[in-house]
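Asks: First, the structure itself, so that you have it in front of you.
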Amino acid sequence: MHLTHIRATLSAVRKWVPLVLGLSFLALTAFTVYSATVQWQRGRLIDDTGVQVTGTVTRLLHVDKGYKKEIAYTVDGRRHTLNKGYDPTLHAPRRGDRVCLEAAREHPDIVRMCEDHYPQGDDTFPAYILGAFFCTAGLLFVIGHQVTVARRTREIGTAA
């Protein structure tokens with residue numbers, strides 16, 4: 001009787017795991033595609049209406065293995081700030097350092113470093129695209145697995 005209860009529980013889990021896994025892959029795919037689209041649109045907005053400004057590092061915020069720099073910049077007389085991640089092996093910023101930025105004229109809070117194509121940096125956009133690709137592959141794998149299981153179940157049912 002105890003073994004029957006365990007089998008019933010495992011059977012219920014087997015039914016829900018693919019659904020939960022599939023929904024997780026679907027949600028992650030939607031998130032990564034949305035994030036990549038937002039980065040692309042914001043990059044295009046800066047390309048179309050961008051204005052080059054000079055920002056100044058006002059603070060260095062210590063995070064896990066490095067720093068984030070807080071950069072203050074002015075567009076059309078209004079002051080804005082940007083928190084930009086920092087890799088300590090690439091550059092050692094100091095308070096007061098000047099930084100080249102490009103901001104969207106209509107939305108000056110959308111800003112990127114002058115060398116970058118996307119506001120969160122050029123490494124972020126491909127990471128979102130790769131994430132979307134792998135999550136979609138995972139979703140298709142789960143769907144394929146479920147189709148295969150359904151076919152086997154149908155074949156077993158018709159053979160009996």
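Simple scheme: letters A, B, ... for chains in structure tokens order, numbers from 1 for residues in each chain, numbers from 1 for ligands in the order shown.
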Run DSSP on the backbone and grab whatever in region 37-118 of chain A lands in strand (DSSP E); send it over as a PDB file with N, CA and C atoms, in the first residue's frame.
Replies:
```
ATOM      1  N   GLY A  50      20.411  61.005 -30.866  1.00  0.00           N
ATOM      2  CA  GLY A  50      21.425  61.114 -29.822  1.00  0.00           C
ATOM      3  C   GLY A  50      22.166  62.432 -29.815  1.00  0.00           C
ATOM      4  N   VAL A  51      22.523  62.826 -28.632  1.00  0.00           N
ATOM      5  CA  VAL A  51      23.345  64.008 -28.430  1.00  0.00           C
ATOM      6  C   VAL A  51      24.536  63.576 -27.572  1.00  0.00           C
ATOM      7  N   GLN A  52      25.725  63.962 -27.986  1.00  0.00           N
ATOM      8  CA  GLN A  52      26.927  63.576 -27.243  1.00  0.00           C
ATOM      9  C   GLN A  52      27.125  64.539 -26.081  1.00  0.00           C
ATOM     10  N   VAL A  53      27.334  63.972 -24.905  1.00  0.00           N
ATOM     11  CA  VAL A  53      27.555  64.772 -23.701  1.00  0.00           C
ATOM     12  C   VAL A  53      28.773  64.223 -22.965  1.00  0.00           C
ATOM     13  N   THR A  54      29.306  65.044 -22.098  1.00  0.00           N
ATOM     14  CA  THR A  54      30.418  64.611 -21.261  1.00  0.00           C
ATOM     15  C   THR A  54      29.902  64.437 -19.848  1.00  0.00           C
ATOM     16  N   GLY A  55      30.114  63.249 -19.310  1.00  0.00           N
ATOM     17  CA  GLY A  55      29.714  62.974 -17.944  1.00  0.00           C
ATOM     18  C   GLY A  55      30.920  62.991 -17.032  1.00  0.00           C
ATOM     19  N   THR A  56      30.663  63.119 -15.750  1.00  0.00           N
ATOM     20  CA  THR A  56      31.721  63.132 -14.749  1.00  0.00           C
ATOM     21  C   THR A  56      31.433  62.059 -13.712  1.00  0.00           C
ATOM     22  N   VAL A  57      32.435  61.250 -13.405  1.00  0.00           N
ATOM     23  CA  VAL A  57      32.279  60.229 -12.370  1.00  0.00           C
ATOM     24  C   VAL A  57      32.144  60.952 -11.034  1.00  0.00           C
ATOM     25  N   THR A  58      30.987  60.784 -10.391  1.00  0.00           N
ATOM     26  CA  THR A  58      30.750  61.475  -9.124  1.00  0.00           C
ATOM     27  C   THR A  58      30.974  60.571  -7.917  1.00  0.00           C
ATOM     28  N   ARG A  59      30.732  59.266  -8.087  1.00  0.00           N
ATOM     29  CA  ARG A  59      30.930  58.320  -6.984  1.00  0.00           C
ATOM     30  C   ARG A  59      31.351  56.980  -7.540  1.00  0.00           C
ATOM     31  N   LEU A  60      32.080  56.232  -6.732  1.00  0.00           N
ATOM     32  CA  LEU A  60      32.392  54.836  -7.026  1.00  0.00           C
ATOM     33  C   LEU A  60      31.680  53.991  -5.983  1.00  0.00           C
ATOM     34  N   LEU A  61      30.775  53.142  -6.433  1.00  0.00           N
ATOM     35  CA  LEU A  61      30.003  52.300  -5.533  1.00  0.00           C
ATOM     36  C   LEU A  61      30.621  50.910  -5.515  1.00  0.00           C
ATOM     37  N   HIS A  62      31.061  50.467  -4.349  1.00  0.00           N
ATOM     38  CA  HIS A  62      31.697  49.156  -4.239  1.00  0.00           C
ATOM     39  C   HIS A  62      30.636  48.061  -4.321  1.00  0.00           C
ATOM     40  N   VAL A  63      30.831  47.125  -5.251  1.00  0.00           N
ATOM     41  CA  VAL A  63      29.986  45.935  -5.362  1.00  0.00           C
ATOM     42  C   VAL A  63      30.898  44.724  -5.294  1.00  0.00           C
ATOM     43  N   GLY A  66      34.196  44.420  -7.575  1.00  0.00           N
ATOM     44  CA  GLY A  66      34.638  45.606  -8.299  1.00  0.00           C
ATOM     45  C   GLY A  66      33.845  46.825  -7.879  1.00  0.00           C
ATOM     46  N   TYR A  67      33.601  47.678  -8.845  1.00  0.00           N
ATOM     47  CA  TYR A  67      32.915  48.929  -8.577  1.00  0.00           C
ATOM     48  C   TYR A  67      31.888  49.208  -9.655  1.00  0.00           C
ATOM     49  N   LYS A  68      30.904  50.014  -9.294  1.00  0.00           N
ATOM     50  CA  LYS A  68      30.019  50.648 -10.254  1.00  0.00           C
ATOM     51  C   LYS A  68      30.330  52.123 -10.164  1.00  0.00           C
ATOM     52  N   LYS A  69      30.350  52.774 -11.287  1.00  0.00           N
ATOM     53  CA  LYS A  69      30.602  54.205 -11.227  1.00  0.00           C
ATOM     54  C   LYS A  69      29.302  54.952 -11.452  1.00  0.00           C
ATOM     55  N   GLU A  70      29.083  55.950 -10.641  1.00  0.00           N
ATOM     56  CA  GLU A  70      27.942  56.836 -10.816  1.00  0.00           C
ATOM     57  C   GLU A  70      28.434  58.025 -11.620  1.00  0.00           C
ATOM     58  N   ILE A  71      27.800  58.244 -12.761  1.00  0.00           N
ATOM     59  CA  ILE A  71      28.226  59.299 -13.674  1.00  0.00           C
ATOM     60  C   ILE A  71      27.114  60.332 -13.766  1.00  0.00           C
ATOM     61  N   ALA A  72      27.455  61.580 -13.547  1.00  0.00           N
ATOM     62  CA  ALA A  72      26.495  62.676 -13.681  1.00  0.00           C
ATOM     63  C   ALA A  72      26.711  63.340 -15.034  1.00  0.00           C
ATOM     64  N   TYR A  73      25.610  63.668 -15.716  1.00  0.00           N
ATOM     65  CA  TYR A  73      25.688  64.349 -17.004  1.00  0.00           C
ATOM     66  C   TYR A  73      24.501  65.290 -17.142  1.00  0.00           C
ATOM     67  N   THR A  74      24.635  66.255 -18.036  1.00  0.00           N
ATOM     68  CA  THR A  74      23.602  67.267 -18.223  1.00  0.00           C
ATOM     69  C   THR A  74      23.146  67.265 -19.678  1.00  0.00           C
ATOM     70  N   VAL A  75      21.824  67.230 -19.888  1.00  0.00           N
ATOM     71  CA  VAL A  75      21.226  67.333 -21.217  1.00  0.00           C
ATOM     72  C   VAL A  75      20.155  68.409 -21.148  1.00  0.00           C
ATOM     73  N   ARG A  78      19.316  69.951 -17.778  1.00  0.00           N
ATOM     74  CA  ARG A  78      18.836  69.091 -16.691  1.00  0.00           C
ATOM     75  C   ARG A  78      19.899  68.055 -16.359  1.00  0.00           C
ATOM     76  N   ARG A  79      20.111  67.884 -15.080  1.00  0.00           N
ATOM     77  CA  ARG A  79      21.142  66.951 -14.619  1.00  0.00           C
ATOM     78  C   ARG A  79      20.555  65.543 -14.478  1.00  0.00           C
ATOM     79  N   HIS A  80      21.325  64.545 -14.928  1.00  0.00           N
ATOM     80  CA  HIS A  80      20.930  63.141 -14.845  1.00  0.00           C
ATOM     81  C   HIS A  80      22.100  62.342 -14.286  1.00  0.00           C
ATOM     82  N   THR A  81      21.801  61.155 -13.784  1.00  0.00           N
ATOM     83  CA  THR A  81      22.870  60.268 -13.320  1.00  0.00           C
ATOM     84  C   THR A  81      22.708  58.892 -13.956  1.00  0.00           C
ATOM     85  N   LEU A  82      23.824  58.214 -14.085  1.00  0.00           N
ATOM     86  CA  LEU A  82      23.884  56.880 -14.672  1.00  0.00           C
ATOM     87  C   LEU A  82      24.772  56.023 -13.788  1.00  0.00           C
ATOM     88  N   ASN A  83      24.300  54.837 -13.422  1.00  0.00           N
ATOM     89  CA  ASN A  83      25.143  53.867 -12.720  1.00  0.00           C
ATOM     90  C   ASN A  83      25.647  52.880 -13.753  1.00  0.00           C
ATOM     91  N   LYS A  84      26.930  52.847 -13.949  1.00  0.00           N
ATOM     92  CA  LYS A  84      27.533  52.006 -14.984  1.00  0.00           C
ATOM     93  C   LYS A  84      28.431  50.979 -14.328  1.00  0.00           C
ATOM     94  N   GLY A  85      28.262  49.719 -14.708  1.00  0.00           N
ATOM     95  CA  GLY A  85      29.116  48.658 -14.195  1.00  0.00           C
ATOM     96  C   GLY A  85      30.566  48.874 -14.595  1.00  0.00           C
ATOM     97  N   TYR A  86      31.438  48.235 -13.876  1.00  0.00           N
ATOM     98  CA  TYR A  86      32.864  48.486 -14.070  1.00  0.00           C
ATOM     99  C   TYR A  86      33.637  47.204 -13.842  1.00  0.00           C
ATOM    100  N   ARG A  98      36.304  62.260 -16.521  1.00  0.00           N
ATOM    101  CA  ARG A  98      35.315  62.634 -17.520  1.00  0.00           C
ATOM    102  C   ARG A  98      35.066  61.446 -18.440  1.00  0.00           C
ATOM    103  N   VAL A  99      33.790  61.254 -18.815  1.00  0.00           N
ATOM    104  CA  VAL A  99      33.371  60.110 -19.611  1.00  0.00           C
ATOM    105  C   VAL A  99      32.511  60.603 -20.767  1.00  0.00           C
ATOM    106  N   CYS A 100      32.757  60.072 -21.968  1.00  0.00           N
ATOM    107  CA  CYS A 100      31.965  60.416 -23.143  1.00  0.00           C
ATOM    108  C   CYS A 100      30.688  59.571 -23.158  1.00  0.00           C
ATOM    109  N   LEU A 101      29.540  60.241 -23.274  1.00  0.00           N
ATOM    110  CA  LEU A 101      28.237  59.572 -23.297  1.00  0.00           C
ATOM    111  C   LEU A 101      27.421  60.052 -24.487  1.00  0.00           C
ATOM    112  N   GLU A 102      26.459  59.234 -24.899  1.00  0.00           N
ATOM    113  CA  GLU A 102      25.461  59.627 -25.887  1.00  0.00           C
ATOM    114  C   GLU A 102      24.097  59.412 -25.262  1.00  0.00           C
ATOM    115  N   ALA A 103      23.263  60.445 -25.272  1.00  0.00           N
ATOM    116  CA  ALA A 103      21.934  60.365 -24.677  1.00  0.00           C
ATOM    117  C   ALA A 103      20.888  60.652 -25.744  1.00  0.00           C
ATOM    118  N   ALA A 104      19.714  60.044 -25.603  1.00  0.00           N
ATOM    119  CA  ALA A 104      18.601  60.328 -26.506  1.00  0.00           C
ATOM    120  C   ALA A 104      18.055  61.709 -26.161  1.00  0.00           C
ATOM    121  N   VAL A 111      20.766  56.383 -22.076  1.00  0.00           N
ATOM    122  CA  VAL A 111      22.135  56.831 -22.341  1.00  0.00           C
ATOM    123  C   VAL A 111      23.050  55.622 -22.497  1.00  0.00           C
ATOM    124  N   ARG A 112      24.106  55.812 -23.263  1.00  0.00           N
ATOM    125  CA  ARG A 112      25.110  54.766 -23.449  1.00  0.00           C
ATOM    126  C   ARG A 112      26.488  55.406 -23.503  1.00  0.00           C
ATOM    127  N   MET A 113      27.498  54.589 -23.288  1.00  0.00           N
ATOM    128  CA  MET A 113      28.867  55.056 -23.449  1.00  0.00           C
ATOM    129  C   MET A 113      29.098  55.310 -24.940  1.00  0.00           C
TER     130      MET A 113
END
```
Asks: Can you tell me how far CA of Arg105 (chain A) sits from CA of Thr49 (chain A), in Å to one decimal?
Replies: 5.6 Å
Asks: Per residue of region 103-135 of chain A within 7 Å of region 35-47 of chain A, note the shortest atom pair and the distance in Å to one decimal, counting only C-alpha atoms, and order the rows by chain and increasing residue number, as JSON lines.
Replies:
```
{"residue": "A:Ala103", "atom": "CA", "partner": "A:Ile46", "partner_atom": "CA", "distance": 6.1}
{"residue": "A:Ala104", "atom": "CA", "partner": "A:Ile46", "partner_atom": "CA", "distance": 4.6}
{"residue": "A:Ile110", "atom": "CA", "partner": "A:Arg42", "partner_atom": "CA", "distance": 6.9}
{"residue": "A:His117", "atom": "CA", "partner": "A:Gly43", "partner_atom": "CA", "distance": 6.0}
{"residue": "A:Tyr118", "atom": "CA", "partner": "A:Gly43", "partner_atom": "CA", "distance": 4.8}
{"residue": "A:Pro119", "atom": "CA", "partner": "A:Gly43", "partner_atom": "CA", "distance": 6.3}
{"residue": "A:Phe125", "atom": "CA", "partner": "A:Ala36", "partner_atom": "CA", "distance": 5.7}
{"residue": "A:Tyr128", "atom": "CA", "partner": "A:Ala36", "partner_atom": "CA", "distance": 5.5}
{"residue": "A:Ile129", "atom": "CA", "partner": "A:Ala36", "partner_atom": "CA", "distance": 6.6}
```
Asks: Among chain A, which residues does DSSP mark as helix (DSSP H, G or I) when it is run on the backbone? Keep the chain and numbering as in the structure and answer as a PyMOL selection string.
Replies: chain A and resi 2-49+124-159
Asks: Residues within 10 Å of region 24-32 of chain A, please, as a list in words. Count only C-alpha atoms; anything in the same chain fewer than 3 positions from it doesn't count.
Replies: Pro18, Leu19, Val20, Leu21, Ser35, Ala36, Thr37, Val38, Phe125, Ala127, Tyr128, Ile129, Leu130, Gly131, Ala132, Phe133, Phe134, Cys135, Thr136, Ala137, Gly138, Leu139, Leu140 and Val142 of chain A
